[in-house]
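K.L.:
Here it is: the structure, laid out below.
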Amino acid sequence: MPERRTVALVTLGCARNEVDSEELAGRLAADGWDLVEDAAAADVAVVNTCGFVEAAKKDSVDALLEANDLKDHGKTQAVVAVGCMAERYGKDLAEALPEADGILGFDDYADISDRLQTILNGGIHASHTPRDRRKLLPISPAERQDAPGVALPGHAQDTPPDDLPEGIAPVSGPRAPLRRRLGNSPVASVKLASGCDRRCSFCAIPSFRGSFISRRPSDVLGETRWLAGQGVKEVMLVSENNTSYGKDLGDIRLLETLLPELADVEGIERIRVSYLQPAEMRPGLIDVLTSTPKVAPYFDLSFQHSAPGVLRAMRRFGDTDRFLELLGTIRGKAPQAGARSNFIVGFPGESESDLAELERFLTGARLDAIGVFGYSDEDGTEAVGYENKLDAEVIAERLEHISRLAEELTAQRAEERLGETLSVLVESVDGEDGAVGRAAHQAPETDGQVMFTASEGLVPGRMVVAKVVGTEGVDLVAECLGEEAAR
């Protein structure tokens, strides 16, 4: 019997990439590959890259170079790039990074096993030529669901094998992907949709992720049930823009009806929705997010700035007072609700008064987590051609200033939670760090965590009631009061 092929998936970037990696893992496992965690122990290392901003691109290149070094010291015979950076740059990336043995785009995902086998055998698979993926689907959202022949990560369109190995998600519909978990965390993401129809002047994502297309509710429910069977307790719904979910299915309020159904899935303790657009928030969605049992009152709102002039240049909408009013409405319905956002400073034309307006918003918003980025030109975006670009030194100064303010404000917000009683999902327990978990206002990786004063009796995947007794920056220190009653 020939030796089985081994593959390791190294994932960078956002939760959407993590789902894509598990889809690739499902396809590979279904085709007989053995999945290993350590790239040094794999025949092929597949690096799922991020192409969002310059820092993320650098991390992706570094990961590819690090994996390439394993060819001299480990079992690894080939290094392959997939994901957003590979899709976005294709041949250009291949020429700039000859250390990679293959650069595969989204169109290669359906045939990922054959592609890797070709590369492993010493063959060459031509790197794809990037194209604007928004042009692959009809302009009208209502016509996109049945568009043939378009590769959409998270929306598989091929027929799966009849005899899937154990641990691979069964396909529940025409666009439901194969999936194999790459870990045992009690938390997993599920894609609601892919792509984006917004035209923010600083963002290149729609050009390489494509236009917005929703997954059908039955597929989302089927995948959630499968994850529950795999031991998952919290599901985070991800896409480029969750507030648009359902518009191509004829019901822009579809998320409001889907959330209670997901919360009723046996074994699931918490549903979290990420990536919400402030301009698209509607009263009914706020009501569902703040009142549905097991749905976290969590608002990951993409504000980006609050000065009206900067927002218009970004091709976005809103201002400080409207954003504060939105947060006030949310907290009026759920005082403990979590809110986070990302912001860009140093955007072309941003004045000192614009920066002061952003400070006014941040000071009044009481956000639990804040991400701050300095503006950088992104290939193919409208903002590249804008005048009034700020000097790099000015951008760096503003980034440092707002980042420092954000750190102070989020620490203050954490202190406001002293004495609160929270539902906390225990995520890990070990001898050195003790027990660590997350409350409803804390998403994985980005929003801080809860550190328990004692770990006795706590196990990963258990939902407990805890009282906040201290803080360390954005992190909370809590005393476990006992296991949460069944809801």
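The way I read the labels, and the way they are meant: chains A, B, ... in the order of the structure tokens, residue 1 as the first residue of every chain, and ligand 1 as the first ligand shown, with later ones counted on from there.
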So that I can check the surroundings of Asp59 of chain A, please list as a VMD selection string every protein, DNA and RNA residue that reaches within 12 Å of it, counting only C-alpha atoms and ignoring chain neighbours fewer than 2 positions away.

P.N.:
chain A and resid 10 to 13 47 to 57 61 to 66 85

K.L.:
So that I can see what lies close to Val46 of chain A, please list as a list of chain:residue names the residues with an atom at most 8 Å from it, counting only C-alpha atoms and leaving out residues fewer than 4 positions away in the same chain.

P.N.:
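Here the qualifying residues turn out to be A:Val7, A:Ala8, A:Leu9, A:Val10, A:Val79, A:Val80, A:Ala81, A:Val82.
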
K.L.:
Near Ile168 of chain A, within 6 Å and counting only C-alpha atoms, which residues show up once chain neighbours fewer than 6 positions away are dropped, as a list of chain:residue names?

P.N.:
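Those residues are A:Gly26, A:Arg179, A:Arg180.
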
K.L.:
Given the selection you just returned, output its residues as a file containing N, CA and C atoms, formatted as a tab-separated table (two decimals), in the first residue's frame.

P.N.:
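Once written, selection-v8.tsv looks like this:
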chain	number	residue	atom	x	y	z
A	26	GLY	N	-11.57	19.57	4.51
A	26	GLY	CA	-12.61	18.60	4.22
A	26	GLY	C	-12.43	17.96	2.86
A	179	ARG	N	-16.38	19.98	5.05
A	179	ARG	CA	-15.64	20.69	6.09
A	179	ARG	C	-15.05	19.68	7.06
A	180	ARG	N	-13.83	19.92	7.48
A	180	ARG	CA	-13.15	19.10	8.48
A	180	ARG	C	-12.54	20.06	9.50

K.L.:
Taking 2 positions as the minimum chain separation for residues in the same chain, which residues sit within 8 Å of Asp43 of chain A when counting only C-alpha atoms? Answer as a list in words.

P.N.:
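Close residues of Asp43 of chain A: Arg5, Thr6, Val7, Ala41, Ala45, Lys75, Thr76, Gln77, Ala78 and Leu120 of chain A.
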
K.L.:
Run DSSP on the backbone and give me the residues of segment 255-458 of chain A it puts in helix (DSSP H, G or I), as an MDAnalysis selection string.

P.N.:
chainID A and resid 255:263 278:280 283:291 308:313 320:333 352:365 382:385 392:416

K.L.:
Please list as a list in words every residue within 9 Å of segment 327-337 of chain A, counting only C-alpha atoms and excluding residues in the same chain fewer than 2 positions away.

P.N.:
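What passes the distance filter is Ile286, Asp287, Thr290, Ser291, Ala296, Pro297, Tyr298, Phe299, Arg322, Phe323, Leu324, Glu325, Ala339, Ala365, Arg366, Arg417, Glu420, Leu422, Ala440 and His441 of chain A.
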
K.L.:
When distances are computed from only C-alpha atoms, which of A:Arg144, A:His155, A:Arg225, A:Arg199 shows the smallest separation from Ala313 of chain A?

P.N.:
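Of the candidates, the smallest distance to Ala313 of chain A is held by A:Arg199.
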
K.L.:
Using only C-alpha atoms, which residue out of A:Ala411, A:Leu249, A:Leu418, A:Leu425 lies closest to Ala478 of chain A?

P.N.:
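Distance minimum relative to Ala478 of chain A lands on A:Leu418.
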
K.L.:
From a backbone DSSP assignment, name each residue in segment 335-469 of chain A labelled strand (DSSP E or B), as a ChimeraX atom specification.

P.N.:
/A:338-345,369-374,421-430,434-439,450-452,463-469

K.L.:
For the residues in that selection, give me N, CA and C atoms as a tab-separated table (two decimals), in the first residue's frame.

P.N.:
chain	number	residue	atom	x	y	z
A	338	GLY	N	-22.10	44.07	24.22
A	338	GLY	CA	-20.73	44.34	23.80
A	338	GLY	C	-20.71	45.08	22.47
A	339	ALA	N	-19.75	45.98	22.32
A	339	ALA	CA	-19.61	46.72	21.06
A	339	ALA	C	-18.13	46.91	20.77
A	340	ARG	N	-17.76	46.66	19.53
A	340	ARG	CA	-16.36	46.84	19.11
A	340	ARG	C	-16.35	47.43	17.71
A	341	SER	N	-15.20	47.96	17.29
A	341	SER	CA	-15.08	48.48	15.94
A	341	SER	C	-13.62	48.68	15.58
A	342	ASN	N	-13.40	48.88	14.28
A	342	ASN	CA	-12.08	49.23	13.75
A	342	ASN	C	-12.12	50.63	13.16
A	343	PHE	N	-10.97	51.31	13.15
A	343	PHE	CA	-10.90	52.67	12.65
A	343	PHE	C	-9.62	52.87	11.84
A	344	ILE	N	-9.72	53.72	10.83
A	344	ILE	CA	-8.58	54.10	10.00
A	344	ILE	C	-8.23	55.55	10.29
A	345	VAL	N	-6.98	55.81	10.61
A	345	VAL	CA	-6.52	57.19	10.81
A	345	VAL	C	-5.54	57.54	9.70
A	369	ALA	N	-13.79	46.94	22.60
A	369	ALA	CA	-12.55	46.64	21.88
A	369	ALA	C	-12.45	47.58	20.68
A	370	ILE	N	-11.24	48.05	20.42
A	370	ILE	CA	-11.01	49.02	19.33
A	370	ILE	C	-9.77	48.61	18.57
A	371	GLY	N	-9.91	48.47	17.26
A	371	GLY	CA	-8.76	48.24	16.40
A	371	GLY	C	-8.46	49.51	15.63
A	372	VAL	N	-7.19	49.90	15.56
A	372	VAL	CA	-6.80	51.13	14.88
A	372	VAL	C	-5.74	50.81	13.84
A	373	PHE	N	-5.94	51.32	12.63
A	373	PHE	CA	-5.01	51.09	11.53
A	373	PHE	C	-4.62	52.42	10.91
A	374	GLY	N	-3.38	52.54	10.52
A	374	GLY	CA	-2.96	53.70	9.75
A	374	GLY	C	-3.28	53.49	8.28
A	421	THR	N	-22.24	40.23	36.56
A	421	THR	CA	-22.34	38.77	36.47
A	421	THR	C	-22.51	38.40	35.01
A	422	LEU	N	-21.61	37.55	34.51
A	422	LEU	CA	-21.56	37.24	33.09
A	422	LEU	C	-21.68	35.74	32.84
A	423	SER	N	-22.20	35.40	31.67
A	423	SER	CA	-22.14	34.02	31.19
A	423	SER	C	-20.82	33.87	30.43
A	424	VAL	N	-20.00	32.93	30.85
A	424	VAL	CA	-18.66	32.78	30.28
A	424	VAL	C	-18.50	31.36	29.74
A	425	LEU	N	-18.06	31.26	28.50
A	425	LEU	CA	-17.74	29.97	27.91
A	425	LEU	C	-16.28	29.65	28.21
A	426	VAL	N	-16.03	28.58	28.93
A	426	VAL	CA	-14.66	28.18	29.25
A	426	VAL	C	-14.03	27.62	27.97
A	427	GLU	N	-12.85	28.15	27.62
A	427	GLU	CA	-12.20	27.73	26.37
A	427	GLU	C	-10.96	26.89	26.59
A	428	SER	N	-10.24	27.14	27.66
A	428	SER	CA	-9.03	26.36	27.91
A	428	SER	C	-8.75	26.32	29.40
A	429	VAL	N	-8.13	25.22	29.81
A	429	VAL	CA	-7.72	25.05	31.21
A	429	VAL	C	-6.36	24.37	31.19
A	430	ASP	N	-5.34	25.02	31.75
A	430	ASP	CA	-4.04	24.38	31.86
A	430	ASP	C	-3.34	24.82	33.13
A	434	GLY	N	-4.07	28.66	33.99
A	434	GLY	CA	-5.35	28.45	34.66
A	434	GLY	C	-6.47	28.31	33.65
A	435	ALA	N	-7.66	28.72	34.05
A	435	ALA	CA	-8.83	28.62	33.18
A	435	ALA	C	-9.09	29.96	32.53
A	436	VAL	N	-9.38	29.91	31.23
A	436	VAL	CA	-9.63	31.12	30.44
A	436	VAL	C	-10.89	30.91	29.62
A	437	GLY	N	-11.69	31.95	29.51
A	437	GLY	CA	-12.90	31.87	28.70
A	437	GLY	C	-13.27	33.23	28.15
A	438	ARG	N	-14.47	33.31	27.59
A	438	ARG	CA	-14.95	34.57	27.02
A	438	ARG	C	-16.41	34.77	27.37
A	439	ALA	N	-16.74	36.03	27.64
A	439	ALA	CA	-18.12	36.41	27.89
A	439	ALA	C	-18.79	36.79	26.57
A	450	VAL	N	-11.68	36.32	29.60
A	450	VAL	CA	-11.97	36.24	31.04
A	450	VAL	C	-11.00	35.23	31.65
A	451	MET	N	-10.29	35.67	32.67
A	451	MET	CA	-9.37	34.79	33.40
A	451	MET	C	-9.98	34.46	34.75
A	452	PHE	N	-10.14	33.19	35.05
A	452	PHE	CA	-10.79	32.78	36.29
A	452	PHE	C	-9.81	32.79	37.46
A	463	MET	N	-20.34	26.28	29.90
A	463	MET	CA	-20.82	27.64	30.10
A	463	MET	C	-21.09	27.83	31.59
A	464	VAL	N	-20.45	28.85	32.18
A	464	VAL	CA	-20.59	29.08	33.62
A	464	VAL	C	-21.00	30.52	33.89
A	465	VAL	N	-21.48	30.75	35.08
A	465	VAL	CA	-21.78	32.09	35.55
A	465	VAL	C	-20.59	32.58	36.37
A	466	ALA	N	-20.14	33.80	36.09
A	466	ALA	CA	-18.96	34.33	36.77
A	466	ALA	C	-19.16	35.80	37.11
A	467	LYS	N	-18.57	36.21	38.21
A	467	LYS	CA	-18.63	37.60	38.65
A	467	LYS	C	-17.28	38.26	38.41
A	468	VAL	N	-17.30	39.44	37.79
A	468	VAL	CA	-16.07	40.16	37.49
A	468	VAL	C	-15.53	40.79	38.77
A	469	VAL	N	-14.28	40.42	39.12
A	469	VAL	CA	-13.68	40.93	40.36
A	469	VAL	C	-12.41	41.74	40.09

K.L.:
Can you measure atom CA of Pro206 of chain A to atom CA of Lys191 of chain A for me? One decimal in Å is fine.

P.N.:
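These two atoms are separated by 16.1 Å.
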
K.L.:
One decimal, in Å: what's the spacing between atom CA of Thr129 of chain A and atom CA of Phe106 of chain A?

P.N.:
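We find that atom CA of Thr129 of chain A and atom CA of Phe106 of chain A lie 11.4 Å from each other.
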
K.L.:
So which one's closest to Lys233 of chain A, A:Gly105, A:Gly385, A:Gly267, A:Pro283? Using only C-alpha atoms, please.

P.N.:
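The answer is A:Gly267, which sits nearest to Lys233 of chain A.
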
K.L.:
Near Asp319 of chain A, within 8 Å and counting only C-alpha atoms, which residues show up once chain neighbours fewer than 4 positions away are dropped, as a list in words?

P.N.:
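The residues satisfying every condition are Ser306, Ala307, Pro308, Leu311 and Phe323 of chain A.
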
K.L.:
So which residues touch Val394 of chain A within 12 Å, counting only C-alpha atoms, skipping near sequence neighbours fewer than 3 positions away, as a VMD selection string?

P.N.:
chain A and resid 345 to 352 355 374 to 375 389 to 391 397 to 401

K.L.:
A:Gly210, A:Pro293, A:Pro278, A:Pro153: which is nearest Gly318 of chain A, counting only C-alpha atoms?

P.N.:
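Closest to Gly318 of chain A, using only C-alpha atoms: A:Pro278.
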
K.L.:
Report, in Å to a single decimal, how far apart atom CA of Arg134 of chain A and atom CA of Ser60 of chain A are.

P.N.:
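Separating atom CA of Ser60 of chain A from atom CA of Arg134 of chain A is a distance of 24.0 Å.
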
K.L.:
Taking into account only C-alpha atoms, which residue in the set A:Glu95, A:Glu18, A:Glu261, A:Glu256 is nearest to Arg282 of chain A?

P.N.:
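Closest to Arg282 of chain A, using only C-alpha atoms: A:Glu256.
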
K.L.:
Measuring atom to atom with only C-alpha atoms, identify which of A:Ala86, A:Leu28, A:Leu409, A:Ala263 is nearest to Gln117 of chain A.

P.N.:
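Distance minimum relative to Gln117 of chain A lands on A:Leu28.
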